[in-house]
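*Asks:* The structure file my_file.pdb (PDB, C-alpha atoms) is provided below.
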```pdb
MODEL        1
ATOM      1  CA  GLN A   1      -3.966  -7.446 -12.255
ATOM      2  CA  PHE A   2      -2.575 -10.832 -13.220
ATOM      3  CA  LEU A   3       0.041  -9.132 -15.397
ATOM      4  CA  SER A   4       0.885  -6.764 -12.544
ATOM      5  CA  TYR A   5       1.359  -9.710 -10.221
ATOM      6  CA  ALA A   6       3.483 -11.667 -12.691
ATOM      7  CA  ARG A   7       5.577  -8.678 -13.792
ATOM      8  CA  HIS A   8       8.843  -8.077 -11.982
ATOM      9  CA  SER A   9      10.619  -4.791 -12.454
ATOM     10  CA  HIS A  10      14.202  -5.110 -13.593
ATOM     11  CA  GLU A  11      14.918  -1.486 -12.772
ATOM     12  CA  GLU A  12      17.161  -0.724  -9.837
ATOM     13  CA  GLN A  13      15.504   0.442  -6.682
ATOM     14  CA  GLU A  14      15.991   4.098  -5.932
ATOM     15  CA  LEU A  15      15.319   6.698  -3.295
ATOM     16  CA  VAL A  16      11.588   7.507  -3.270
ATOM     17  CA  ASN A  17       9.696  10.141  -1.317
ATOM     18  CA  LEU A  18       6.916   7.939   0.090
ATOM     19  CA  GLY A  19       4.772  10.946   1.057
ATOM     20  CA  GLU A  20       4.778  12.184  -2.532
ATOM     21  CA  ALA A  21       4.000   8.666  -3.794
ATOM     22  CA  VAL A  22       0.982   8.441  -1.456
ATOM     23  CA  GLN A  23      -0.273  11.902  -2.461
ATOM     24  CA  ASN A  24       0.087  10.987  -6.159
ATOM     25  CA  ALA A  25      -1.776   7.708  -5.634
ATOM     26  CA  MET A  26      -4.632   9.559  -3.896
ATOM     27  CA  SER A  27      -4.758  11.992  -6.798
ATOM     28  CA  ASN A  28      -4.673   9.214  -9.413
ATOM     29  CA  ALA A  29      -7.469   7.365  -7.610
ATOM     30  CA  ARG A  30      -9.469  10.614  -7.697
ATOM     31  CA  LEU A  31     -10.394  10.228  -4.035
ATOM     32  CA  ALA A  32     -10.877  13.950  -3.448
ATOM     33  CA  SER A  33     -13.226  14.350  -6.425
ATOM     34  CA  ASP A  34     -15.526  11.461  -5.398
ATOM     35  CA  SER A  35     -18.374  12.849  -3.273
ATOM     36  CA  THR A  36     -19.018   9.418  -1.700
ATOM     37  CA  VAL A  37     -15.473   9.281  -0.317
ATOM     38  CA  LYS A  38     -14.437  11.051   2.869
ATOM     39  CA  ILE A  39     -10.701  10.957   3.357
ATOM     40  CA  THR A  40      -8.691  11.822   6.429
ATOM     41  CA  SER A  41      -5.005  12.077   5.695
ATOM     42  CA  HIS A  42      -1.970  12.702   7.895
ATOM     43  CA  ILE A  43       1.126  12.425   5.719
ATOM     44  CA  ALA A  44       4.517  13.292   7.196
ATOM     45  CA  PRO A  45       6.652  15.174   4.658
ATOM     46  CA  ASN A  46      10.024  13.966   3.413
ATOM     47  CA  VAL A  47       9.710  10.306   4.340
ATOM     48  CA  PHE A  48      12.114   8.416   2.102
ATOM     49  CA  ILE A  49      12.436   4.713   1.312
ATOM     50  CA  VAL A  50      14.305   2.684  -1.295
ATOM     51  CA  ALA A  51      11.897   1.101  -3.780
ATOM     52  CA  HIS A  52      10.935   0.731  -7.423
ATOM     53  CA  PRO A  53       8.887   3.918  -8.017
ATOM     54  CA  LEU A  54       6.394   2.397 -10.480
ATOM     55  CA  GLU A  55       5.867  -0.732  -8.375
ATOM     56  CA  LEU A  56       5.440   1.347  -5.219
ATOM     57  CA  SER A  57       2.828   3.475  -6.968
ATOM     58  CA  ARG A  58       0.981   0.314  -8.015
ATOM     59  CA  ALA A  59       1.009  -1.019  -4.447
ATOM     60  CA  VAL A  60      -0.302   2.212  -2.904
ATOM     61  CA  GLN A  61      -3.007   2.525  -5.570
ATOM     62  CA  ASN A  62      -4.071  -1.069  -4.841
ATOM     63  CA  LEU A  63      -4.529  -0.145  -1.174
ATOM     64  CA  PHE A  64      -6.808   2.754  -2.099
ATOM     65  CA  THR A  65      -8.702   0.662  -4.662
ATOM     66  CA  ASN A  66      -9.355  -2.043  -2.054
ATOM     67  CA  ALA A  67     -10.506   0.538   0.492
ATOM     68  CA  MET A  68     -12.925   2.026  -2.038
ATOM     69  CA  ARG A  69     -14.132  -1.370  -3.233
ATOM     70  CA  TYR A  70     -14.609  -3.147   0.100
ATOM     71  CA  GLY A  71     -14.653  -0.324   2.632
ATOM     72  CA  ARG A  72     -18.123   1.080   2.080
ATOM     73  CA  SER A  73     -20.140   1.806   5.216
ATOM     74  CA  GLU A  74     -23.773   2.921   5.523
ATOM     75  CA  ASP A  75     -22.893   6.560   4.866
ATOM     76  CA  GLY A  76     -20.297   6.168   2.126
ATOM     77  CA  ILE A  77     -16.616   5.411   2.059
ATOM     78  CA  HIS A  78     -14.335   6.673   4.811
ATOM     79  CA  ILE A  79     -10.621   6.255   4.187
ATOM     80  CA  THR A  80      -7.979   7.139   6.717
ATOM     81  CA  THR A  81      -4.390   7.266   5.610
ATOM     82  CA  GLY A  82      -1.285   8.096   7.564
ATOM     83  CA  LEU A  83       2.437   8.156   7.038
ATOM     84  CA  THR A  84       4.943   8.380   9.869
ATOM     85  CA  ASP A  85       8.701   8.084  10.139
ATOM     86  CA  ASN A  86      10.564   7.393  13.381
ATOM     87  CA  GLY A  87      13.976   7.593  11.720
ATOM     88  CA  LYS A  88      14.320   3.822  11.347
ATOM     89  CA  ASN A  89      10.975   2.827   9.862
ATOM     90  CA  ALA A  90       8.415   4.441   7.618
ATOM     91  CA  MET A  91       4.852   3.311   8.324
ATOM     92  CA  LEU A  92       2.014   3.800   5.852
ATOM     93  CA  THR A  93      -1.497   3.013   7.082
ATOM     94  CA  VAL A  94      -4.665   2.846   5.011
ATOM     95  CA  GLY A  95      -7.910   2.143   6.821
ATOM     96  CA  ASP A  96     -11.565   1.962   5.907
ATOM     97  CA  GLU A  97     -14.861   1.649   7.794
ATOM     98  CA  GLY A  98     -16.341  -1.246   5.835
ATOM     99  CA  ALA A  99     -17.186  -4.707   7.120
ATOM    100  CA  GLY A 100     -13.543  -5.493   7.779
ATOM    101  CA  LEU A 101     -11.880  -8.856   7.480
ATOM    102  CA  PRO A 102     -12.066 -11.554  10.140
ATOM    103  CA  GLU A 103      -8.710 -12.376  11.689
ATOM    104  CA  ASP A 104      -8.803 -15.963  10.419
ATOM    105  CA  GLN A 105      -8.943 -14.714   6.793
ATOM    106  CA  ARG A 106      -6.146 -12.139   6.934
ATOM    107  CA  GLU A 107      -3.213 -14.407   6.154
ATOM    108  CA  ARG A 108      -5.131 -16.154   3.377
ATOM    109  CA  VAL A 109      -6.066 -12.967   1.476
ATOM    110  CA  MET A 110      -2.393 -12.088   1.159
ATOM    111  CA  ARG A 111      -1.977 -15.073  -1.177
ATOM    112  CA  PRO A 112      -2.662 -14.753  -4.922
ATOM    113  CA  PHE A 113      -6.253 -15.343  -6.114
ATOM    114  CA  GLU A 114      -7.670 -15.423  -2.583
ATOM    115  CA  ARG A 115     -10.516 -13.152  -1.551
ATOM    116  CA  GLY A 116     -12.193 -12.579   1.775
ATOM    117  CA  GLU A 117     -15.720 -13.813   2.416
ATOM    118  CA  SER A 118     -16.986 -10.216   2.555
ATOM    119  CA  ALA A 119     -15.661  -9.739  -0.991
ATOM    120  CA  ARG A 120     -18.239 -12.208  -2.276
ATOM    121  CA  SER A 121     -21.041  -9.695  -1.693
ATOM    122  CA  GLY A 122     -21.280  -8.707  -5.339
ATOM    123  CA  VAL A 123     -17.999  -6.792  -5.533
ATOM    124  CA  THR A 124     -15.770  -8.047  -8.321
ATOM    125  CA  GLY A 125     -12.038  -8.579  -8.090
ATOM    126  CA  THR A 126      -9.303 -11.061  -8.902
ATOM    127  CA  GLY A 127      -7.912 -11.643  -5.436
ATOM    128  CA  LEU A 128      -4.548 -10.223  -6.443
ATOM    129  CA  GLY A 129      -4.617  -6.709  -4.959
ATOM    130  CA  LEU A 130      -3.126  -7.506  -1.541
ATOM    131  CA  ALA A 131      -0.825 -10.175  -2.988
ATOM    132  CA  ILE A 132       0.618  -7.528  -5.325
ATOM    133  CA  VAL A 133       1.010  -5.099  -2.417
ATOM    134  CA  ASP A 134       2.745  -7.745  -0.313
ATOM    135  CA  ARG A 135       5.132  -8.798  -3.077
ATOM    136  CA  ILE A 136       6.132  -5.228  -3.926
ATOM    137  CA  VAL A 137       6.579  -4.240  -0.286
ATOM    138  CA  ARG A 138       8.728  -7.310   0.453
ATOM    139  CA  ARG A 139      10.978  -6.398  -2.513
ATOM    140  CA  SER A 140      11.733  -3.203  -0.615
ATOM    141  CA  SER A 141      12.463  -5.122   2.612
ATOM    142  CA  GLY A 142       9.104  -4.074   4.045
ATOM    143  CA  SER A 143       6.138  -5.867   5.525
ATOM    144  CA  VAL A 144       2.338  -5.747   5.339
ATOM    145  CA  GLN A 145       0.054  -6.340   8.306
ATOM    146  CA  LEU A 146      -3.735  -6.472   8.282
ATOM    147  CA  ASP A 147      -5.637  -5.395  11.378
ATOM    148  CA  SER A 148      -9.070  -4.195  12.460
ATOM    149  CA  MET A 149     -10.229  -0.596  12.502
ATOM    150  CA  ASP A 150     -12.212   0.573  15.496
ATOM    151  CA  PRO A 151     -15.197   0.096  15.588
ATOM    152  CA  HIS A 152     -15.183  -1.770  12.242
ATOM    153  CA  GLY A 153     -13.232  -1.887   9.014
ATOM    154  CA  LEU A 154      -9.823  -2.973   7.810
ATOM    155  CA  LEU A 155      -6.508  -1.313   8.619
ATOM    156  CA  VAL A 156      -3.521  -2.109   6.411
ATOM    157  CA  ARG A 157      -0.121  -1.276   7.903
ATOM    158  CA  VAL A 158       2.792  -1.177   5.488
ATOM    159  CA  GLY A 159       6.232  -0.778   7.019
ATOM    160  CA  PHE A 160       9.470   0.012   5.218
ATOM    161  CA  PRO A 161      13.012   0.662   6.387
ATOM    162  CA  ALA A 162      13.395   4.441   6.314
ATOM    163  CA  ALA A 163      16.114   5.783   4.046
ATOM    164  CA  ASP A 164      18.417   8.692   4.759
ATOM    165  CA  PRO A 165      18.892  10.655   1.507
ATOM    166  CA  ALA A 166      22.247  12.081   2.651
ATOM    167  CA  ALA A 167      23.627   8.626   3.478
ATOM    168  CA  ILE A 168      22.494   7.218   0.129
ATOM    169  CA  LYS A 169      24.051  10.155  -1.728
ATOM    170  CA  ALA A 170      27.347   9.685   0.142
ATOM    171  CA  LYS A 171      27.316   5.959  -0.652
ATOM    172  CA  LYS A 172      26.777   6.643  -4.372
ATOM    173  CA  GLU A 173      29.576   9.228  -4.398
ATOM    174  CA  LYS A 174      31.927   6.770  -2.700
ATOM    175  CA  ARG A 175      31.124   4.116  -5.332
ATOM    176  CA  ALA A 176      31.762   6.608  -8.136
ATOM    177  CA  ARG A 177      35.320   7.264  -6.944
TER     178      ARG A 177
ENDMDL
END
```
Give the structure from this file in structure tokens form.

*Replies:*
Amino acid sequence: QFLSYARHSHEEQELVNLGEAVQNAMSNARLASDSTVKITSHIAPNVFIVAHPLELSRAVQNLFTNAMRYGRSEDGIHITTGLTDNGKNAMLTVGDEGAGLPEDQRERVMRPFERGESARSGVTGTGLGLAIVDRIVRRSSGSVQLDSMDPHGLLVRVGFPAADPAAIKAKKEKRAR
């Protein structure tokens, strides 16, 4: 994870279908094949953003890894994920039903090598997962917000400026002239 945090992609950002990226990350994390994981997913189709595809994949996978690692409740792991697009912003949410994270720790765990108090309960990690997510999301002009799930758990909201594929294509064609 340290290398992932330190690494900066030198590739140009490109148009990415965020819904496909989320579905691929869920598949790569093998969420559906894990009998201890119950996942509820509401992914809007054709939500586009401008990002580095590999970095975006890493960020989304980190969100699922954190939910699986720290989001365990008495009856397993419940992960809720959603993706919406209001035309201006794309919002990805990943929530779990674990112990959650007290409000006074939320800003701190976004910094490198910082872990929440609940993470000290025998679960290993470097404290870089959310810092990597935050760094990657900010590179795409997005933001990360941590909140509480009801009745307990952590909800991560990741917002990006939505991209219009037709407008980006027209811009590229205009540059090519």

*Asks:* Run through the PyMOL selection byres ((chain A and resi 156-171) around 7) on the given coordinates and return the selected residues as a PyMOL selection string.

*Replies:* chain A and resi 48-50+87-95+141-147+154-155+172-175

*Asks:* Starting from the displayed file, determine the output of the PyMOL selection byres ((chain A and resi 57) around 10) and express the residue list as an NGL selection string.

*Replies:* :A and (18 or 20-22 or 24-25 or 28 or 51-56 or 58-62 or 133 or 136)

*Asks:* Could you tell me how far atom CA of A:Val137 sits from atom CA of A:Pro102, in Å to one decimal place?

*Replies:* 22.6 Å

*Asks:* Would you list the contacts of A:Pro45 as a ChimeraX atom specification, taking every protein, DNA or RNA residue within 10 Å and counting only C-alpha atoms, but skipping same-chain residues closer than 6 positions in sequence?

*Replies:* /A:17-20,83-85

*Asks:* Expressed in Å to a single decimal, how great is the separation between atom CA of A:Thr81 and atom CA of A:Arg111?

*Replies:*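 Distance between the two atoms: 23.5 Å.
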
*Asks:* Could you jot down the atom CA of A:Ser35 to atom CA of A:Ile132 separation for me, Å, one decimal place?

*Replies:*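 Straight-line distance from atom CA of A:Ser35 to atom CA of A:Ile132 works out to 27.9 Å.
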
*Asks:* Excluding same-chain residues fewer than 6 positions from A:Thr40, what lies within 9 Å of it counting all atoms listed in the file, as a ChimeraX atom specification?

*Replies:* /A:78-82
